Every structure is written in structure tokens, then in C-alpha cells.
file input.cif (mmCIF, C-alpha atoms)
data_my_file
loop_
_atom_site.label_atom_id
_atom_site.label_comp_id
_atom_site.auth_asym_id
_atom_site.auth_seq_id
_atom_site.Cartn_x
_atom_site.Cartn_y
_atom_site.Cartn_z
CA MET A 5 96.42 90.29 93.33
CA ALA A 6 96.88 92.40 96.47
CA LEU A 7 96.79 89.80 99.24
CA THR A 8 95.87 90.84 102.76
CA VAL A 9 96.48 89.08 106.07
CA ALA A 10 92.92 87.73 105.94
CA ASP A 11 93.60 86.28 102.46
CA LEU A 12 96.84 84.57 103.47
CA PHE A 13 95.55 83.17 106.76
CA PRO A 14 91.87 82.30 106.10
CA GLU A 15 91.86 79.42 108.58
CA ALA A 16 92.36 81.78 111.52
CA GLU A 17 89.46 83.54 113.13
CA GLY A 18 89.30 86.60 115.33
CA SER A 19 92.10 89.04 116.02
CA GLU A 20 95.83 88.48 115.66
CA ARG A 21 95.81 86.02 112.80
CA ALA A 22 99.49 86.65 112.13
CA TRP A 23 102.48 88.64 113.29
CA ILE A 24 106.12 89.36 112.48
CA HIS A 25 108.53 88.90 115.38
CA LEU A 26 112.10 90.22 115.42
CA GLY A 27 114.50 89.37 118.23
CA TRP A 28 118.11 89.98 119.21
CA GLY A 29 120.26 89.83 122.32
CA SER A 30 122.05 92.54 124.23
CA ARG A 31 122.81 95.45 121.87
CA LYS A 32 123.57 98.88 123.24
CA GLU A 33 122.16 101.68 121.11
CA THR A 34 121.56 105.35 121.72
CA PRO A 35 118.00 106.73 121.46
CA LYS A 36 119.02 108.38 118.19
CA HIS A 37 120.15 105.03 116.77
CA VAL A 38 116.80 103.49 117.73
CA ALA A 39 114.90 106.46 116.30
CA ALA A 40 116.80 106.06 113.04
CA ARG A 41 115.42 102.51 112.82
CA ILE A 42 111.88 103.50 113.80
CA LEU A 43 111.36 106.17 111.15
CA PRO A 44 111.94 103.94 108.08
CA THR A 45 109.79 101.28 109.74
CA LEU A 46 106.89 103.73 109.93
CA GLU A 47 107.41 104.68 106.30
CA LEU A 48 107.43 101.03 105.28
CA LEU A 49 104.19 100.21 107.11
CA GLN A 50 102.05 103.28 106.50
CA ASP A 51 101.00 102.45 102.92
CA ARG A 52 99.70 98.95 103.71
CA PHE A 53 96.02 99.80 104.10
CA GLY A 54 94.94 101.63 100.94
CA VAL A 55 93.71 104.57 103.01
CA PRO A 56 94.57 108.20 102.13
CA SER A 57 95.91 110.79 104.53
CA VAL A 58 97.48 108.41 107.02
CA ARG A 59 99.29 109.79 110.03
CA TRP A 60 101.40 108.33 112.85
CA GLN A 61 100.96 109.29 116.49
CA ILE A 62 103.21 108.37 119.43
CA THR A 63 102.57 107.85 123.13
CA VAL A 64 105.45 107.21 125.50
CA GLY A 65 105.55 105.58 128.91
CA LYS A 66 104.11 102.57 130.69
CA THR A 67 100.54 103.84 130.89
CA PHE A 68 100.21 105.18 127.31
CA ASP A 69 98.11 108.19 128.29
CA LEU A 70 96.15 108.98 125.12
CA GLN A 71 95.85 112.61 126.18
CA LYS A 72 99.62 112.83 125.69
CA GLU A 73 99.51 111.41 122.17
CA LEU A 74 101.70 113.41 119.79
CA PRO A 75 102.47 113.44 116.06
CA VAL A 76 105.65 111.47 115.34
CA PRO A 77 108.58 113.81 114.62
CA GLN A 78 110.14 113.29 111.19
CA ASP A 79 113.62 114.01 112.53
CA ALA A 80 115.53 111.23 114.29
CA ALA A 81 117.01 113.59 116.87
CA ALA A 82 113.58 114.95 117.80
CA LEU A 83 112.11 111.45 118.07
CA ALA A 84 115.11 110.38 120.16
CA GLY A 85 114.31 113.16 122.59
CA LEU A 86 110.86 111.66 123.16
CA ILE A 87 111.97 108.07 123.69
CA GLU A 88 115.18 108.64 125.67
CA SER A 89 115.00 107.09 129.13
CA PRO A 90 116.29 108.91 132.23
CA ARG A 91 119.01 106.26 132.61
CA GLN A 92 120.22 106.78 129.05
CA ARG A 93 120.31 110.51 129.65
CA ASP A 94 122.07 110.36 133.04
CA LEU A 95 124.38 107.36 132.43
CA PRO A 96 125.11 107.26 128.69
CA ASP A 97 128.31 105.24 129.17
CA ALA A 98 126.90 102.60 131.53
CA GLU A 99 127.52 98.99 130.46
CA VAL A 100 123.99 98.00 131.46
CA SER A 101 121.12 99.83 129.78
CA THR A 102 117.39 99.24 130.03
CA GLY A 103 117.00 100.85 126.63
CA THR A 104 114.59 103.47 125.41
CA LEU A 105 111.27 104.24 126.99
CA LYS A 106 108.46 102.06 125.72
CA ALA A 107 106.74 103.90 122.88
CA ARG A 108 103.50 103.05 121.11
CA PHE A 109 103.14 104.08 117.48
CA THR A 110 99.57 104.26 116.18
CA LEU A 111 98.56 104.74 112.55
CA PHE A 112 95.35 106.61 111.77
CA GLY A 113 93.85 107.09 108.31
CA GLY A 114 91.35 109.19 106.40
CA ALA A 115 90.68 112.90 106.07
CA ASP A 116 88.63 113.05 109.28
CA PRO A 117 90.96 113.73 112.23
CA GLU A 118 88.77 111.42 114.33
CA SER A 119 89.22 108.50 111.91
CA GLY A 120 89.73 105.08 113.39
CA LYS A 121 92.94 103.35 114.22
CA LEU A 122 94.49 101.21 111.48
CA PHE A 123 97.51 99.70 113.15
CA GLU A 124 99.78 100.02 116.18
CA PHE A 125 102.94 98.53 117.60
CA GLU A 126 105.36 99.16 120.45
CA VAL A 127 109.11 99.69 120.52
CA GLU A 128 111.53 99.48 123.44
CA ALA A 129 115.08 98.87 122.21
CA GLY A 130 118.74 99.45 123.00
CA ARG A 131 118.73 97.10 126.00
CA SER A 132 122.20 95.84 126.92
CA GLY A 133 123.82 93.88 129.71
CA PRO A 134 123.49 90.40 131.26
CA TYR A 135 120.18 88.70 130.47
CA MET A 136 119.01 91.72 128.43
CA ARG A 137 117.20 90.93 125.20
CA ASN A 138 115.41 93.03 122.61
CA GLU A 139 112.35 92.20 120.55
CA ILE A 140 109.63 93.77 118.45
CA THR A 141 106.33 92.17 117.45
CA LEU A 142 104.17 93.56 114.66
CA ARG A 143 100.65 92.14 115.12
CA LEU A 144 99.07 92.42 111.70
CA PRO A 145 95.36 93.31 111.33
CA ASP A 146 93.19 91.62 108.73
CA GLY A 147 93.31 94.57 106.35
CA PHE A 148 97.10 94.78 106.26
CA VAL A 149 98.08 94.48 102.58
CA PHE A 150 101.05 92.28 101.72
CA GLY A 151 100.53 92.59 97.96
CA THR A 152 102.06 89.71 96.01
CA PRO A 153 104.14 86.96 97.63
CA GLY A 154 107.22 88.69 96.22
CA LYS A 155 106.25 91.96 97.88
CA LEU A 156 105.67 90.13 101.15
CA ALA A 157 109.24 88.79 100.97
CA ALA A 158 110.52 92.29 100.18
CA LEU A 159 108.65 93.73 103.18
CA PHE A 160 110.06 91.06 105.49
CA GLN A 161 113.58 91.53 104.16
CA ARG A 162 113.34 95.32 104.54
CA LEU A 163 112.35 94.95 108.21
CA VAL A 164 115.39 92.74 108.69
CA ARG A 165 117.59 95.35 107.05
CA ILE A 166 116.22 98.11 109.28
CA TRP A 167 116.45 96.32 112.63
CA GLN A 168 119.28 93.78 112.03
CA PRO A 169 117.82 91.10 114.34
CA GLU A 170 119.39 87.74 115.10
CA THR A 171 116.11 86.05 114.13
CA ALA A 172 112.83 87.08 112.57
CA ALA A 173 109.70 85.09 111.75
CA LEU A 174 106.30 85.55 110.13
CA GLU A 175 104.03 83.42 112.31
CA SER A 176 100.37 82.63 112.78
CA ARG A 177 98.47 81.03 115.65
CA GLU A 178 98.21 77.85 113.58
CA SER A 179 101.93 77.69 112.82
CA LEU A 180 102.75 78.34 116.48
CA ARG A 181 100.53 75.45 117.62
CA ALA A 182 102.00 73.17 114.94
CA VAL A 183 105.57 73.94 116.01
CA TRP A 184 104.74 73.40 119.69
CA LYS A 185 103.15 70.03 118.85
CA ARG A 186 106.16 68.92 116.78
CA ARG A 187 108.53 70.06 119.51
CA ASP A 188 106.64 67.89 122.02
CA GLU A 189 106.75 64.94 119.61
CA LEU A 190 110.52 65.35 119.28
CA GLY A 191 110.91 65.53 123.05
CA VAL A 192 112.56 68.94 122.91
CA ARG A 193 112.34 70.74 126.24
CA ARG A 194 114.19 73.95 125.67
CA SER A 195 113.70 77.45 124.34
CA ASP A 196 114.59 78.12 120.76
CA PRO A 197 114.09 80.76 118.05
CA ARG A 198 110.64 81.63 116.78
CA LEU A 199 109.81 79.91 113.50
CA GLY A 200 107.12 80.56 110.91
CA TYR A 201 106.36 80.66 107.22
CA MET A 202 109.18 83.11 106.53
CA ASN A 203 112.30 83.27 108.69
CA TRP A 204 115.61 85.05 109.14
CA PHE A 205 118.74 83.70 110.82
CA SER A 206 121.74 86.04 111.16
CA LEU A 207 125.12 84.79 109.98
CA THR A 208 126.94 85.83 113.15
CA GLY A 209 124.39 84.17 115.42
CA TYR A 210 123.48 81.02 113.49
CA GLY A 211 125.85 80.47 110.58
CA ARG A 212 124.46 78.69 107.52
CA PRO A 213 122.21 75.59 107.35
CA PRO A 214 124.74 72.73 107.10
CA PHE A 215 122.66 70.66 104.67
CA PRO A 216 120.05 71.35 101.97
CA LEU A 217 116.59 71.99 103.35
CA HIS A 218 113.18 71.00 102.04
CA ALA A 219 112.43 74.71 101.93
CA ARG A 220 113.12 77.91 100.02
CA VAL A 221 116.49 79.24 101.11
CA ARG A 222 118.40 82.36 100.10
CA ALA A 223 121.73 83.29 101.66
CA PHE A 224 122.70 86.93 102.05
CA PRO A 225 126.05 88.25 103.28
CA ASP A 226 124.65 88.88 106.76
CA GLY A 227 122.27 85.94 107.15
CA THR A 228 119.86 83.45 105.61
CA LEU A 229 116.22 83.81 104.58
CA ILE A 230 114.36 80.50 104.96
CA CYS A 231 110.73 80.03 103.87
CA ALA A 232 108.54 77.01 104.43
CA GLN A 233 108.10 74.88 101.34
CA SER A 234 104.30 75.28 101.41
CA TRP A 235 102.03 77.94 102.90
CA ASN A 236 100.55 75.85 105.70
CA ALA A 237 101.25 75.16 109.36
CA GLY A 238 102.26 71.55 108.72
CA SER A 239 105.05 72.68 106.42
CA VAL A 240 106.29 75.07 109.10
CA ALA A 241 106.38 72.19 111.61
CA ASP A 242 108.36 70.08 109.12
CA LEU A 243 110.82 72.94 108.69
CA TYR A 244 111.16 73.19 112.47
CA ALA A 245 112.02 69.47 112.69
CA ASP A 246 114.64 69.79 109.92
CA LEU A 247 116.29 72.80 111.53
CA GLN A 248 116.23 71.11 114.93
CA VAL A 249 118.14 68.12 113.50
CA MET A 250 120.65 70.52 111.91
CA GLY A 251 121.31 72.21 115.24
CA MET A 252 119.94 75.57 114.11
CA MET A 253 117.21 75.85 116.76
CA HIS A 254 119.38 77.05 119.61
CA ASP A 255 119.12 80.18 121.73
CA MET A 256 120.43 83.34 120.17
CA PRO A 257 123.75 84.70 121.49
CA LYS A 258 123.35 86.73 124.67
CA VAL A 259 125.30 89.61 123.12
CA GLN A 260 124.78 90.40 119.46
CA VAL A 261 127.75 90.85 117.14
CA LEU A 262 126.55 92.72 114.08
CA ALA A 263 127.75 91.82 110.60
CA PRO A 264 128.12 94.75 108.20
CA PRO A 265 124.69 95.20 106.57
CA PRO A 266 124.62 94.79 102.78
CA ASN A 267 123.10 97.37 100.51
CA ASP A 268 119.33 97.05 100.04
CA ASP A 269 119.84 96.03 96.41
CA GLU A 270 122.65 93.56 97.10
CA GLN A 271 122.01 90.14 95.65
CA PRO A 272 121.99 86.91 97.66
CA HIS A 273 125.36 85.47 98.61
CA THR A 274 126.79 83.70 95.55
CA GLY A 275 128.35 80.97 97.68
CA MET A 276 124.92 79.42 98.30
CA LYS A 277 122.31 79.19 95.59
CA GLU A 278 118.62 79.20 96.28
CA HIS A 279 117.43 75.70 97.08
CA ARG A 280 113.86 74.53 96.70
CA GLY A 281 112.99 71.21 98.21
CA GLY A 282 112.14 68.58 95.66
CA SER A 283 114.00 70.32 92.84
#

call {"tool": "encode", "arguments": {"input": "input.cif", "output": "C-alpha cells"}}
result
Amino acid sequence: MALTVADLFPEAEGSERAWIHLGWGSRKETPKHVAARILPTLELLQDRFGVPSVRWQITVGKTFDLQKELPVPQDAAALAGLIESPRQRDLPDAEVSTGTLKARFTLFGGADPESGKLFEFEVEAGRSGPYMRNEITLRLPDGFVFGTPGKLAALFQRLVRIWQPETAALESRESLRAVWKRRDELGVRRSDPRLGYMNWFSLTGYGRPPFPLHARVRAFPDGTLICAQSWNAGSVADLYADLQVMGMMHDMPKVQVLAPPPNDDEQPHTGMKEHRGGS
């Protein structure tokens, strides 16, 4: 069964039922490095709507002037030329960088060139220096097709491979409210990583969970994939409480230290088997 966002999150109403958030600290990257991450992301997302003849368009800058909307170049160097900020161009060796220009990528579908918008997201990355952080949020429309649960996990893992974040989470409005409520009940008054139904914690930023979790856990050479035991907001809140007790819910490092990424087909780390709560 090809599950969509609306199928997986039926309790939510209106727009923005769910989203995938990826975050990392200071990480200096050239516009070409960022472009090389954007292009496979577009390829990964463009077939999620069952619509023929899809096409990506890009607008760059704070105002997103639609009259300046352009087709997305297929070459990383050409795309880098569009998103490079004046500071990156003039001071390429500066320790502090505000990153690339903010770029909006919009997916259109259908044979008619005036066809409606299917999906859009924004990228502004390569920020480095004190108090500089990077993040991307993919707000998923109702018609976004996950496919099977296994394909959803593969999509999530592929996004992690492309962007190499410290943390990533598949969240919904319900899971967010449930985590906030549990945090208040625990008396926690501090910022912490985002947490949802499916989560990523990098090895260099968070290590491994010190004890077995009542959750689905798979360890990879560069981090750990942790999924809530059940597909509901209450289970996400329970996972939050467990990770809080284990000391995993701390701020990400201010400067990211990247672990070497494994190959896409590399199996989970053999030093930690998959654990399913209750088994």
C-alpha cells in the first residue's frame, strides 16, 4: 500500500500535518558543496506525488520574486553560482560565514506549464562561526507519498546520508505537543533536539544510547536511527522521556565534527543489534 502523509497522520487537520527537520551546528561549506547536497535531495523528492512531467524551479533571495523563478540547473557548479552569497564570493577564507543565499525550490507537475505547485522547501546552508547553526525543514503536503513503512525509513535515511545532520526527526503537530507536555511534566526547562516518530542522532554529536530503549533502534557507523515503538504521539513522548533520562536530549555541539559517511548500502553497525522494546 502506498501510504501518503494524510494516511499516516489522519488525526491532524489542515496544512502541515508533518515535517522532516534536519539540524546541525557550525559547518563551513562552499556553495558547490551545498549544491551537491541539494541536487540529490531534489531527485529523491520529485517522484513522491505520482504526477508526470515534474519540474523544479528555484528563486533566490529574501523576497522570492516569482518573476525571477528559474529552472534548477542540473550541474552543481551552475547551481552554486545561483546560491553563492556575496560574502562567500568576496571572503572565501573567512572563519565566519553566513552561508549560501536563501533559495526556495518549488516542484511543479503535469504537462501544462501552468500546472499547480506540488511541493516547496527552502535551503540556506554552510553557516559557520560562533552561534551559527544550520537547519532544513521539509513540510510535507497531504499528497506526499511515503510508500511502505520500509520505504519511509529508506527516504529518511537517504536524507540523512545527503545532509549529514547532527539530528533529524519526522514530526507532526501532535507529536510536538505531546513532547512539550511531557517535557513540562518532567520539569525540563532547556532546549534540546527535535524528536518525532523517526529520529537520527549522529555518533560524533550524541554517541550511542547507553541502555536498551523501548523503541526500534539501528546503529550505523556514523549515528543511530531511533523510531518510536508505536505510530502515535504518546509513544513519541515516552521515547522523549527515556532519552531524557539517558542524557541524550542535550544541545547539539556548536561546531559539527563529521564522521566519515558510510556507503548507502552499508549495513547497520554490527556492534549494536536492532532492539525492539518488549522483545

call {"tool": "resolve_selection", "arguments": {"input": "input.cif", "expression": "the PyMOL selection byres ((chain A and resi 197-213) around 6)", "output": "PyMOL selection string"}}
result
chain A and resi 170-175+196+214-215+226-232+240+253

call {"tool": "residues_around", "arguments": {"input": "input.cif", "residues": "A:Asp79", "least_positions_apart": "4", "cutoff": "9 Å", "atoms": "all atoms listed in the file", "output": "count of residues only"}}
result
5

call {"tool": "closest_residue", "arguments": {"input": "input.cif", "among": "A:Arg222, A:Arg186, A:Arg131, A:Arg177", "to": "A:Thr34", "atoms": "only C-alpha atoms"}}
result
A:Arg131

call {"tool": "closest_atom_pairs", "arguments": {"input": "input.cif", "of": "stretch 84-114 of chain A", "to": "stretch 139-162 of chain A", "cutoff": "12 Å", "atoms": "all atoms listed in the file", "output": "Markdown table"}}
result
| residue | atom | partner | partner_atom | distance |
| --- | --- | --- | --- | --- |
| A:Gly103 | CA | A:Glu139 | CA | 11.6 |
| A:Lys106 | CA | A:Ile140 | CA | 11.1 |
| A:Ala107 | CA | A:Ile140 | CA | 11.4 |
| A:Arg108 | CA | A:Ile140 | CA | 11.4 |
| A:Phe109 | CA | A:Leu142 | CA | 10.9 |
| A:Thr110 | CA | A:Leu142 | CA | 11.7 |
| A:Leu111 | CA | A:Phe148 | CA | 11.9 |

call {"tool": "write_last_selection", "arguments": {"input": "input.cif", "atoms": "C-alpha atoms", "output": "mmCIF file, in the coordinates of the input"}}
result
data_model
loop_
_atom_site.group_PDB
_atom_site.id
_atom_site.type_symbol
_atom_site.label_atom_id
_atom_site.label_comp_id
_atom_site.auth_asym_id
_atom_site.auth_seq_id
_atom_site.Cartn_x
_atom_site.Cartn_y
_atom_site.Cartn_z
ATOM 1 C CA GLY A 103 117.000 100.850 126.630
ATOM 2 C CA LYS A 106 108.460 102.060 125.720
ATOM 3 C CA ALA A 107 106.740 103.900 122.880
ATOM 4 C CA ARG A 108 103.500 103.050 121.110
ATOM 5 C CA PHE A 109 103.140 104.080 117.480
ATOM 6 C CA THR A 110 99.570 104.260 116.180
ATOM 7 C CA LEU A 111 98.560 104.740 112.550
#

call {"tool": "atom_distance", "arguments": {"input": "input.cif", "atom1": "atom CA of A:Thr102", "atom2": "atom CA of A:Lys121"}}
result
29.4 Å

call {"tool": "axis_aligned_box", "arguments": {"input": "input.cif", "around": "stretch 103-111 of chain A", "padding_each_side": "6 Å", "output": "JSON"}}
result
{"center_x": 107.8, "center_y": 102.8, "center_z": 119.8, "size_x": 30.4, "size_y": 15.9, "size_z": 26.4}
